[in-house]
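Coordinates as given in data_10.csv (CSV, C-alpha atoms):
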chain,number,residue,atom,x,y,z
A,1,MET,CA,98.6,84.2,108.8
A,2,SER,CA,95.5,86.3,109.1
A,3,GLY,CA,95.6,86.9,105.4
A,4,PRO,CA,92.9,88.2,103.0
A,5,ASP,CA,91.3,84.7,103.2
A,6,SER,CA,88.0,85.2,104.8
A,7,HIS,CA,86.6,82.3,106.8
A,8,ALA,CA,83.2,80.7,106.3
A,9,GLY,CA,80.4,83.1,107.1
A,10,GLU,CA,82.7,86.0,107.9
A,11,PRO,CA,82.4,89.2,105.8
A,12,ASP,CA,85.2,90.3,103.5
A,13,ARG,CA,88.2,91.5,105.5
A,14,ILE,CA,88.5,94.5,103.2
A,15,PRO,CA,85.0,96.1,103.0
A,16,ASP,CA,83.2,95.9,99.6
A,17,THR,CA,86.2,94.0,98.1
A,18,PRO,CA,85.4,90.4,97.2
A,19,LEU,CA,88.5,88.4,96.8
A,20,LEU,CA,88.6,84.9,95.3
A,21,ASP,CA,89.3,83.1,98.6
A,22,ARG,CA,88.6,79.5,99.5
A,23,GLU,CA,84.9,80.0,100.3
A,24,ARG,CA,84.1,82.1,97.3
A,25,GLN,CA,85.8,80.0,94.7
A,26,LEU,CA,84.2,76.8,96.1
A,27,ARG,CA,80.8,78.5,96.1
A,28,GLY,CA,81.3,80.0,92.6
A,29,TYR,CA,82.9,77.0,90.9
A,30,ARG,CA,79.9,76.0,88.8
A,31,ILE,CA,79.1,79.6,87.7
A,32,ASN,CA,82.8,80.2,86.9
A,33,LYS,CA,83.1,77.0,85.0
A,34,MET,CA,80.1,77.9,82.9
A,35,ALA,CA,81.6,81.3,82.2
A,36,MET,CA,85.0,79.7,81.3
A,37,GLY,CA,83.2,77.7,78.7
A,38,LEU,CA,82.4,80.9,76.8
A,39,GLY,CA,86.0,81.0,75.6
A,40,ASP,CA,84.9,78.4,73.1
A,41,PRO,CA,82.9,79.6,70.1
A,42,ALA,CA,80.7,76.5,70.0
A,43,ASN,CA,79.7,77.2,73.6
A,44,ARG,CA,79.0,80.8,72.8
A,45,ALA,CA,76.7,79.6,70.0
A,46,ALA,CA,75.0,77.3,72.5
A,47,PHE,CA,74.6,80.1,75.0
A,48,ARG,CA,73.0,82.3,72.4
A,49,ALA,CA,70.7,79.6,71.1
A,50,ASP,CA,69.3,78.4,74.5
A,51,GLU,CA,70.9,80.1,77.5
A,52,ARG,CA,68.9,78.1,80.1
A,53,ALA,CA,70.0,74.8,78.5
A,54,TYR,CA,73.6,76.0,78.4
A,55,LEU,CA,73.4,76.9,82.1
A,56,ASP,CA,71.9,73.5,82.9
A,57,ARG,CA,74.9,71.7,81.4
A,58,PHE,CA,77.0,73.2,84.2
A,59,GLY,CA,74.6,72.2,86.9
A,60,LEU,CA,73.8,75.8,88.0
A,61,SER,CA,71.3,76.2,90.9
A,62,GLU,CA,68.0,78.1,90.3
A,63,GLU,CA,69.5,81.0,92.2
A,64,GLU,CA,72.6,81.0,90.0
A,65,LYS,CA,70.7,80.7,86.8
A,66,ALA,CA,68.4,83.6,87.8
A,67,ALA,CA,71.4,85.8,88.4
A,68,VAL,CA,73.0,85.0,85.0
A,69,LEU,CA,69.7,85.3,83.1
A,70,ALA,CA,69.0,88.7,84.7
A,71,ARG,CA,72.6,89.9,84.1
A,72,ASP,CA,72.7,90.7,87.8
A,73,TRP,CA,76.4,91.2,88.1
A,74,ARG,CA,76.4,92.1,91.8
A,75,GLU,CA,74.5,88.9,92.5
A,76,MET,CA,76.7,86.8,90.3
A,77,VAL,CA,79.7,88.1,92.3
A,78,ARG,CA,77.9,87.5,95.6
A,79,LEU,CA,77.4,83.9,94.5
A,80,GLY,CA,81.1,83.5,93.9
A,81,GLY,CA,81.4,84.4,90.3
A,82,ASN,CA,84.7,86.1,89.4
A,83,LEU,CA,84.6,89.2,87.3
A,84,PHE,CA,87.2,88.0,84.8
A,85,LEU,CA,85.1,84.9,84.2
A,86,ILE,CA,81.6,86.3,84.1
A,87,LEU,CA,82.9,89.1,81.9
A,88,LYS,CA,82.9,86.6,79.1
A,89,ILE,CA,79.1,86.8,79.2
A,90,SER,CA,79.6,90.4,77.8
A,91,ALA,CA,81.3,88.9,74.8
A,92,VAL,CA,78.0,87.2,73.9
A,93,ASP,CA,75.6,89.9,75.2
A,94,PRO,CA,77.5,93.1,75.0
A,95,VAL,CA,77.7,95.5,77.9
A,96,ARG,CA,80.5,97.8,78.9
A,97,ILE,CA,82.8,97.0,81.8
A,98,THR,CA,82.0,100.4,83.3
A,99,GLU,CA,78.3,99.5,83.3
A,100,ILE,CA,79.1,96.3,85.1
A,101,GLY,CA,81.2,98.3,87.6
A,102,ALA,CA,78.4,100.9,88.0
A,103,HIS,CA,75.9,98.1,88.7
A,104,GLN,CA,78.1,96.6,91.4
A,105,ALA,CA,78.7,100.0,93.0
A,106,GLY,CA,74.9,100.6,92.9
A,107,MET,CA,75.3,103.8,90.9
A,108,GLU,CA,74.0,105.2,87.7
A,109,HIS,CA,76.5,104.8,84.9
A,110,GLU,CA,77.1,108.5,84.4
A,111,ALA,CA,77.5,109.1,88.1
A,112,PHE,CA,79.9,106.2,88.3
A,113,LEU,CA,82.1,107.5,85.4
A,114,ARG,CA,82.2,111.0,87.0
A,115,ASP,CA,82.4,110.2,90.7
A,116,ARG,CA,84.5,107.0,90.7
A,117,LEU,CA,86.6,107.3,87.6
A,118,GLY,CA,86.9,111.1,87.4
A,119,LYS,CA,85.7,111.2,83.8
A,120,LYS,CA,84.1,114.3,82.4
A,121,VAL,CA,80.6,113.3,81.4
B,1,MET,CA,127.5,86.5,78.4
B,2,ALA,CA,123.8,87.0,78.6
B,3,ARG,CA,122.8,90.2,80.4
B,4,ILE,CA,119.9,92.4,81.5
B,5,VAL,CA,119.6,95.7,79.6
B,6,GLY,CA,116.7,96.9,81.6
B,7,GLY,CA,113.4,96.5,83.4
B,8,LEU,CA,110.0,97.6,82.0
B,9,GLY,CA,106.8,98.0,84.0
B,10,THR,CA,103.4,98.5,82.5
B,11,SER,CA,99.7,98.1,83.1
B,12,HIS,CA,98.1,95.4,80.9
B,13,VAL,CA,94.4,96.5,80.6
B,14,PRO,CA,92.5,94.7,77.9
B,15,SER,CA,90.8,97.9,76.7
B,16,ILE,CA,94.2,99.0,75.5
B,17,GLY,CA,94.4,96.1,73.1
B,18,ALA,CA,90.7,96.7,72.1
B,19,ALA,CA,91.5,100.4,71.5
B,20,LEU,CA,94.3,99.4,69.1
B,21,ASP,CA,92.1,96.8,67.4
B,22,LYS,CA,89.4,99.5,66.8
B,23,GLY,CA,91.9,102.1,65.5
B,24,LEU,CA,91.3,104.4,68.5
B,25,ARG,CA,95.0,105.2,69.1
B,26,ASP,CA,94.8,108.8,68.1
B,27,THR,CA,91.4,109.6,69.6
B,28,PRO,CA,91.2,112.3,72.3
B,29,GLU,CA,90.5,109.6,74.9
B,30,TRP,CA,93.5,107.4,74.1
B,31,LYS,CA,96.2,109.6,72.5
B,32,PRO,CA,97.6,110.9,75.7
B,33,PHE,CA,97.9,107.3,77.0
B,34,PHE,CA,99.7,105.9,73.9
B,35,ASP,CA,101.9,109.0,73.4
B,36,GLY,CA,103.3,108.3,76.8
B,37,TYR,CA,104.9,105.1,75.5
B,38,VAL,CA,106.6,106.7,72.5
B,39,PRO,CA,109.9,107.3,74.4
B,40,ALA,CA,109.8,103.8,75.8
B,41,ARG,CA,109.4,102.3,72.4
B,42,GLU,CA,112.4,104.4,71.3
B,43,TRP,CA,114.4,102.9,74.2
B,44,VAL,CA,113.4,99.4,73.2
B,45,ARG,CA,114.5,100.1,69.5
B,46,GLU,CA,117.8,101.3,70.7
B,47,GLN,CA,118.4,98.5,73.2
B,48,ARG,CA,117.4,95.7,70.7
B,49,PRO,CA,116.6,93.1,73.4
B,50,ASP,CA,116.7,89.5,72.2
B,51,VAL,CA,114.5,88.1,74.9
B,52,ALA,CA,111.7,89.5,77.0
B,53,VAL,CA,110.9,87.7,80.3
B,54,VAL,CA,107.2,88.7,80.8
B,55,VAL,CA,105.9,88.4,84.3
B,56,PHE,CA,102.1,88.4,84.1
B,57,ASN,CA,98.9,86.6,85.1
B,58,ASP,CA,96.4,84.7,83.0
B,59,HIS,CA,92.9,86.0,83.7
B,60,PHE,CA,91.1,82.7,83.5
B,61,ASN,CA,91.5,82.5,79.7
B,62,ALA,CA,94.2,79.8,79.3
B,63,LEU,CA,94.1,78.5,82.9
B,64,PHE,CA,91.0,77.8,85.1
B,65,LEU,CA,90.4,77.1,88.7
B,66,ASP,CA,90.8,73.4,88.2
B,67,ARG,CA,94.5,73.8,88.6
B,68,VAL,CA,96.2,77.0,89.8
B,69,PRO,CA,100.0,77.2,89.7
B,70,THR,CA,101.4,79.8,92.0
B,71,PHE,CA,104.3,80.3,89.6
B,72,ALA,CA,104.7,78.7,86.2
B,73,VAL,CA,107.4,79.1,83.5
B,74,GLY,CA,106.5,78.9,79.8
B,75,CYS,CA,109.0,76.6,78.0
B,76,ALA,CA,107.1,76.5,74.7
B,77,ALA,CA,108.5,77.3,71.3
B,78,GLU,CA,105.5,79.5,70.5
B,79,TYR,CA,102.5,81.2,72.2
B,80,HIS,CA,99.3,82.0,70.3
B,81,PRO,CA,96.8,84.6,71.5
B,82,VAL,CA,93.9,82.9,73.4
B,83,ASP,CA,90.2,83.4,72.8
B,84,GLU,CA,89.0,85.5,75.7
B,85,GLY,CA,85.4,85.4,74.5
B,86,TRP,CA,85.7,87.7,71.4
B,87,GLY,CA,87.9,85.3,69.4
B,88,PRO,CA,91.7,85.3,69.4
B,89,ARG,CA,93.1,88.8,68.5
B,90,ALA,CA,94.7,89.1,65.2
B,91,ILE,CA,98.3,89.5,66.3
B,92,PRO,CA,101.3,87.3,65.4
B,93,PRO,CA,102.2,84.4,67.8
B,94,PHE,CA,105.0,85.1,70.2
B,95,PRO,CA,108.1,83.0,69.7
B,96,GLY,CA,109.4,81.4,72.9
B,97,ALA,CA,113.0,81.4,74.2
B,98,SER,CA,112.6,77.8,75.3
B,99,ARG,CA,116.2,77.0,75.8
B,100,PHE,CA,116.6,79.8,78.3
B,101,ALA,CA,113.2,79.0,79.8
B,102,TRP,CA,114.4,75.5,80.8
B,103,HIS,CA,117.6,77.0,82.2
B,104,LEU,CA,115.4,79.3,84.2
B,105,ALA,CA,113.3,76.4,85.5
B,106,ASP,CA,116.5,74.7,86.6
B,107,THR,CA,117.8,77.8,88.3
B,108,LEU,CA,114.5,78.4,90.1
B,109,VAL,CA,114.3,74.9,91.5
B,110,GLU,CA,118.0,75.0,92.5
B,111,ASN,CA,117.2,78.1,94.4
B,112,ARG,CA,114.1,76.7,96.1
B,113,PHE,CA,111.4,78.1,93.8
B,114,ASP,CA,109.4,75.3,92.3
B,115,PRO,CA,107.4,76.4,89.3
B,116,GLU,CA,105.0,74.5,87.1
B,117,ILE,CA,106.6,74.0,83.7
B,118,ILE,CA,104.3,74.6,80.8
B,119,GLN,CA,104.9,73.5,77.2
B,120,GLU,CA,101.6,74.2,75.6
B,121,ILE,CA,99.6,77.3,76.4
B,122,LYS,CA,98.0,80.3,74.9
B,123,VAL,CA,98.5,83.8,76.2
B,124,ASP,CA,95.9,86.5,77.0
B,125,HIS,CA,96.0,90.3,77.2
B,126,GLY,CA,98.2,90.2,80.2
B,127,LEU,CA,101.2,89.4,77.9
B,128,GLN,CA,99.9,90.7,74.6
B,129,VAL,CA,99.2,94.3,75.7
B,130,PRO,CA,102.6,95.0,77.3
B,131,MET,CA,104.3,93.6,74.2
B,132,GLU,CA,102.2,95.8,71.9
B,133,LEU,CA,102.9,98.8,74.0
B,134,PHE,CA,106.7,98.4,74.1
B,135,TRP,CA,107.4,96.9,70.6
B,136,GLY,CA,104.3,98.0,68.6
B,137,ARG,CA,102.3,95.5,66.8
B,138,PRO,CA,104.4,93.9,64.0
B,139,ALA,CA,103.0,93.0,60.6
B,140,ASP,CA,104.0,89.4,60.7
B,141,ALA,CA,106.6,88.5,63.3
B,142,TRP,CA,107.8,89.8,66.7
B,143,PRO,CA,111.4,90.9,66.8
B,144,VAL,CA,112.0,89.4,70.2
B,145,LYS,CA,111.4,86.1,71.9
B,146,VAL,CA,109.4,85.8,75.1
B,147,VAL,CA,109.6,83.8,78.3
B,148,PRO,CA,106.3,84.0,80.2
B,149,ILE,CA,106.3,83.7,84.0
B,150,PHE,CA,102.7,83.2,85.1
B,151,VAL,CA,101.9,84.3,88.6
B,152,ASN,CA,98.7,83.5,90.4
B,153,VAL,CA,97.3,86.9,91.6
B,154,LEU,CA,93.7,85.9,91.5
B,155,GLN,CA,92.9,83.0,93.7
B,156,TYR,CA,94.0,83.3,97.4
B,157,PRO,CA,96.4,82.5,98.7
B,158,ILE,CA,98.4,84.6,96.2
B,159,PRO,CA,102.2,84.8,96.8
B,160,LEU,CA,103.7,87.3,99.2
B,161,PRO,CA,105.2,90.5,97.7
B,162,ALA,CA,108.6,89.7,99.3
B,163,ARG,CA,108.6,86.3,97.6
B,164,LEU,CA,108.0,88.0,94.2
B,165,TYR,CA,111.0,90.3,94.8
B,166,GLU,CA,113.1,87.2,95.7
B,167,LEU,CA,111.9,85.5,92.5
B,168,GLY,CA,113.3,88.5,90.6
B,169,LYS,CA,116.7,88.1,92.2
B,170,THR,CA,116.8,84.5,91.2
B,171,LEU,CA,115.7,85.4,87.7
B,172,ARG,CA,118.7,87.7,87.5
B,173,ARG,CA,121.0,84.8,88.6
B,174,ALA,CA,119.5,82.6,85.8
B,175,ILE,CA,120.1,85.3,83.2
B,176,GLU,CA,123.7,85.9,84.3
B,177,SER,CA,124.5,82.2,84.4
B,178,TYR,CA,123.1,81.5,81.0
B,179,ASP,CA,125.6,80.5,78.3
B,180,GLY,CA,124.4,82.8,75.6
B,181,ASP,CA,125.0,86.3,74.5
B,182,GLU,CA,121.4,87.5,74.4
B,183,ARG,CA,120.3,90.8,75.7
B,184,PHE,CA,117.3,90.5,78.1
B,185,VAL,CA,114.6,92.8,79.3
B,186,VAL,CA,112.3,91.9,82.2
B,187,LEU,CA,108.7,93.1,82.1
B,188,GLY,CA,106.6,93.5,85.3
B,189,THR,CA,103.0,93.9,84.3
B,190,GLY,CA,99.6,94.7,85.8
B,191,GLY,CA,98.0,97.4,88.0
B,192,LEU,CA,98.0,100.1,88.9
B,193,SER,CA,95.0,100.9,91.0
B,194,HIS,CA,91.7,99.4,89.9
B,195,GLN,CA,88.8,97.4,91.3
B,196,LEU,CA,86.3,95.7,89.0
B,197,GLN,CA,84.0,93.9,91.5
B,198,GLY,CA,82.2,94.6,94.7
B,199,ALA,CA,80.6,97.8,95.9
B,200,ARG,CA,84.1,99.4,95.8
B,201,ALA,CA,84.2,98.9,92.0
B,202,GLY,CA,85.7,101.9,90.2
B,203,PHE,CA,88.1,102.5,93.0
B,204,LEU,CA,91.2,104.5,91.8
B,205,ASN,CA,94.1,105.9,93.8
B,206,ARG,CA,96.0,108.3,91.6
B,207,GLU,CA,98.2,109.5,94.5
B,208,ALA,CA,99.3,106.0,95.5
B,209,ASP,CA,99.9,105.0,91.8
B,210,GLN,CA,102.2,108.0,91.3
B,211,ARG,CA,104.0,107.3,94.5
B,212,PHE,CA,104.4,103.6,93.4
B,213,LEU,CA,106.1,104.8,90.2
B,214,VAL,CA,108.7,106.6,92.3
B,215,ASP,CA,109.1,104.0,95.0
B,216,ILE,CA,109.5,101.0,92.7
B,217,ALA,CA,112.7,102.7,91.5
B,218,GLU,CA,113.9,104.2,94.8
B,219,ASP,CA,112.6,102.1,97.6
B,220,PRO,CA,111.7,98.6,96.4
B,221,ASP,CA,112.6,96.9,99.7
B,222,ARG,CA,109.8,98.8,101.4
B,223,LEU,CA,107.3,97.8,98.7
B,224,ALA,CA,108.5,94.2,99.0
B,225,GLY,CA,107.8,94.4,102.7
B,226,TRP,CA,104.1,95.4,102.3
B,227,SER,CA,101.4,92.8,103.1
B,228,ARG,CA,99.0,91.6,100.5
B,229,GLU,CA,96.2,93.3,102.4
B,230,GLN,CA,98.1,96.6,102.1
B,231,TYR,CA,98.2,96.2,98.3
B,232,VAL,CA,94.5,95.3,98.1
B,233,GLU,CA,93.6,98.3,100.3
B,234,THR,CA,95.8,100.8,98.5
B,235,PHE,CA,95.4,99.6,94.9
B,236,GLY,CA,92.0,97.8,94.9
B,237,GLY,CA,91.0,94.2,94.7
B,238,GLU,CA,92.3,93.8,91.1
B,239,GLY,CA,95.0,96.5,91.4
B,240,ALA,CA,96.9,94.3,93.9
B,241,GLU,CA,98.3,92.5,90.9
B,242,VAL,CA,100.9,95.3,90.7
B,243,VAL,CA,103.0,93.1,93.0
B,244,MET,CA,104.2,91.4,89.8
B,245,TRP,CA,106.4,94.5,89.2
B,246,LEU,CA,108.5,93.4,92.1
B,247,VAL,CA,109.8,90.4,90.1
B,248,MET,CA,111.1,92.9,87.4
B,249,ARG,CA,112.5,95.1,90.1
B,250,GLY,CA,114.2,92.3,91.9
B,251,ALA,CA,116.0,91.4,88.7
B,252,LEU,CA,117.7,94.8,88.7
B,253,ASN,CA,120.4,96.3,90.9
B,254,ARG,CA,119.5,98.0,94.1
B,255,GLU,CA,120.3,101.3,92.4
B,256,VAL,CA,118.6,102.0,89.2
B,257,VAL,CA,118.2,104.9,86.7
B,258,VAL,CA,114.7,105.9,85.6
B,259,ARG,CA,114.8,106.4,81.8
B,260,HIS,CA,111.1,107.0,81.3
B,261,ARG,CA,108.0,107.1,83.4
B,262,HIS,CA,104.4,107.8,82.5
B,263,TYR,CA,101.0,107.8,84.2
B,264,PHE,CA,97.5,108.1,82.8
B,265,ALA,CA,94.1,107.5,84.5
B,266,PRO,CA,91.8,106.1,83.9
B,267,ALA,CA,92.5,103.7,81.1
B,268,SER,CA,89.1,102.0,81.1
B,269,MET,CA,88.8,101.7,84.9
B,270,THR,CA,92.5,101.5,85.7
B,271,GLY,CA,95.3,103.8,86.7
B,272,ALA,CA,97.8,103.0,84.0
B,273,GLY,CA,101.5,103.3,84.8
B,274,MET,CA,104.7,102.7,82.8
B,275,ILE,CA,108.4,102.8,83.7
B,276,VAL,CA,111.7,102.1,82.0
B,277,LEU,CA,114.6,101.2,84.4
B,278,GLU,CA,118.2,100.5,83.9
B,279,ASP,CA,120.8,99.4,86.4
B,280,ALA,CA,122.7,102.3,87.7

In structure tokens, how does this file's structure come out?
Amino acid sequence: MSGPDSHAGEPDRIPDTPLLDRERQLRGYRINKMAMGLGDPANRAAFRADERAYLDRFGLSEEEKAAVLARDWREMVRLGGNLFLILKISAVDPVRITEIGAHQAGMEHEAFLRDRLGKKV
Amino acid sequence: MARIVGGLGTSHVPSIGAALDKGLRDTPEWKPFFDGYVPAREWVREQRPDVAVVVFNDHFNALFLDRVPTFAVGCAAEYHPVDEGWGPRAIPPFPGASRFAWHLADTLVENRFDPEIIQEIKVDHGLQVPMELFWGRPADAWPVKVVPIFVNVLQYPIPLPARLYELGKTLRRAIESYDGDERFVVLGTGGLSHQLQGARAGFLNREADQRFLVDIAEDPDRLAGWSREQYVETFGGEGAEVVMWLVMRGALNREVVVRHRHYFAPASMTGAGMIVLEDA
């Protein structure tokens, strides 16, 4: 079937809509496993205490670490991070999900709320 | 004889649970959303279901990418809230209807669905929020038992919409062949339109959402015939999870009566829909 699975090197079949297909989940496995760890309070404490050391425990590449340290949500997703997983970072370092959305859309937060979500701001 | 008293559909946005936790129910932002569920809660009180079969997905809280069951049936005696990063929410654990769950597993396999069988697992907002919306949060114990059906709607390949509709039909067979006198409801959860990642983040489709709330009652065969791409295009990358409503719909008769319907957008970043259906 010519499903939503994209093949290696090809762009997403549905524009600007990253799905967790084979390529993306393989690529993002480390970053996602690191984020999954934040469901455990001991890991959240370790992340707070020394974020870089916590990321090293999961074997993240320099590129992946840089994206996490900079809270670059768009880049984390590009590297295969899944939103539901990387969202756990916002439990340690609070940021609203609409701010994460705005960042990925490349918009100011207020404009995102107004133009994408139809909120009165 | 066990029987289905109705089918319930609802979104399961985590912000809904957070709004309840923070006491925001009656704020101007949330009141119109929660008020829409008042008639549905009244319906649940009148119908007094004994068992809720809840079709939902875990959002990488209890399950990770190391093993991804396409379908899984919870056969546990109890389901505690999982820690999604903010600590487990302070709501009572959900009692499981494990005897029926095993009968369901048997029936599914005999009808060529082969689910994973789970005996220990915690549940995330995907199950919690629909239960709180339809039953209200109890002080110490839920008045209904649950049977979770976990569906993978996150890692591709996700199952076909038509397959989910078929699963619902088999679920009905399981309920009607069960040697008990319990009253069942089936909950289809997730959606409606939303997208949380990629440059299309913030995508909403209010028109398609409202059309879905009509078609799920009147024309489910057409919705079951859609491709997965159509769902992603129409409802957004994350909104495509609305296919899980097809399990609930498949468990009902072809002809249904819509008792209640509600739509509110956006709940956080999501078009939030609700429906209460009974067999005609």

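Going from atom CA of Val73 of chain B to atom CA of Ile16 of chain B covers 25.2 Å.
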
- Message: Using only C-alpha atoms for the distances, tell me which of A:Glu63, A:Asp40, A:Glu23, A:Asp12 is nearest to Ile89 of chain A.
- Response: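 Among A:Glu63, A:Asp40, A:Glu23, A:Asp12, it is A:Asp40 that comes nearest to Ile89 of chain A.
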
- Query: Which residues, written as JSON, numbers by chain, have at least one atom at most 12 Å from segment 138-144 of chain B, with all atoms listed in the file counted and residues fewer than 6 positions away on the same chain left out?
  - Reply: {"B": [44, 45, 47, 48, 49, 50, 51, 52, 53, 54, 78, 79, 90, 91, 92, 93, 94, 95, 96, 97, 128, 131, 132, 182, 183, 184, 185]}

Give one line per residue of chain B that approaches chain A to at most 6 Å, naming the two atoms of the closest pair and their distance in Å to one decimal, counting all atoms listed in the file; sort by chain then ascending residue number and deliver it as CSV.
residue,atom,partner,partner_atom,distance
B:Asp83,CA,A:Gly39,CA,5.6
B:Glu84,CA,A:Gly39,CA,5.4
B:Gly85,CA,A:Gly39,CA,4.6
B:Trp86,CA,A:Ala91,CA,5.7
B:Gln155,CA,A:Leu20,CA,5.0
B:Tyr156,CA,A:Asp21,CA,4.9
B:Leu196,CA,A:Gly101,CA,5.9
B:Gly198,CA,A:Asp16,CA,5.2
B:Ala199,CA,A:Ala105,CA,4.1
B:Arg200,CA,A:Asp16,CA,5.2
B:Ala201,CA,A:Gly101,CA,5.4
B:Gly202,CA,A:Arg116,CA,5.3
B:Gly237,CA,A:Thr17,CA,5.9

- Message: Could you list, as JSON, numbers by chain, every residue within 6 Å of segment 239-244 of chain B, counting all atoms listed in the file and ignoring same-chain residues fewer than 5 positions away?
- Response: {"B": [153, 161, 188, 190, 191, 192, 193, 194, 231, 232]}

- Message: Counting all atoms listed in the file, I want the residues whose atoms come within 12 Å of (116.4, 74.3, 82.1) in the file frame, returned as a PyMOL selection string.
- Response: chain B and resi 73-75+97-110+115+117+174-175+177-179

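Using all atoms listed in the file, the protein and nucleic acid residues lying no more than 10 Å from Arg89 of chain B, apart from those fewer than 4 places from it along its own chain, are B:Gly17, B:Ala18, B:Asp21, B:His80, B:Pro81, B:Val82, B:Asp83, B:Glu84, B:Asp124, B:His125, B:Gln128.
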
Would you put the residues from that selection into a file with C-alpha atoms, as a tab-separated table (two decimals), keeping the file's coordinate frame?
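Heads up, here's the output in result.tsv:
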chain	number	residue	atom	x	y	z
B	17	GLY	CA	94.40	96.10	73.10
B	18	ALA	CA	90.70	96.70	72.10
B	21	ASP	CA	92.10	96.80	67.40
B	80	HIS	CA	99.30	82.00	70.30
B	81	PRO	CA	96.80	84.60	71.50
B	82	VAL	CA	93.90	82.90	73.40
B	83	ASP	CA	90.20	83.40	72.80
B	84	GLU	CA	89.00	85.50	75.70
B	124	ASP	CA	95.90	86.50	77.00
B	125	HIS	CA	96.00	90.30	77.20
B	128	GLN	CA	99.90	90.70	74.60

- Kindly give the distance, in Å, that separates atom CA of His260 of chain B and atom CA of Pro39 of chain B, rounded to a single decimal.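 Rounded to one decimal, the two atoms are 7.0 Å apart.
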
- Message: One number please: atom CA of Val55 of chain B to atom CA of Leu8 of chain B, in Å, one decimal.
- Response: 10.3 Å

- Task: Compare B:Glu278, B:Leu133, B:Ala208, B:Asp221 by their minimum atom-to-atom distance to Asp35 of chain B, counting all atoms listed in the file, and give me the closest one.
- Result: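 Going through B:Glu278, B:Leu133, B:Ala208, B:Asp221 one by one, the smallest distance to Asp35 of chain B is for B:Leu133.
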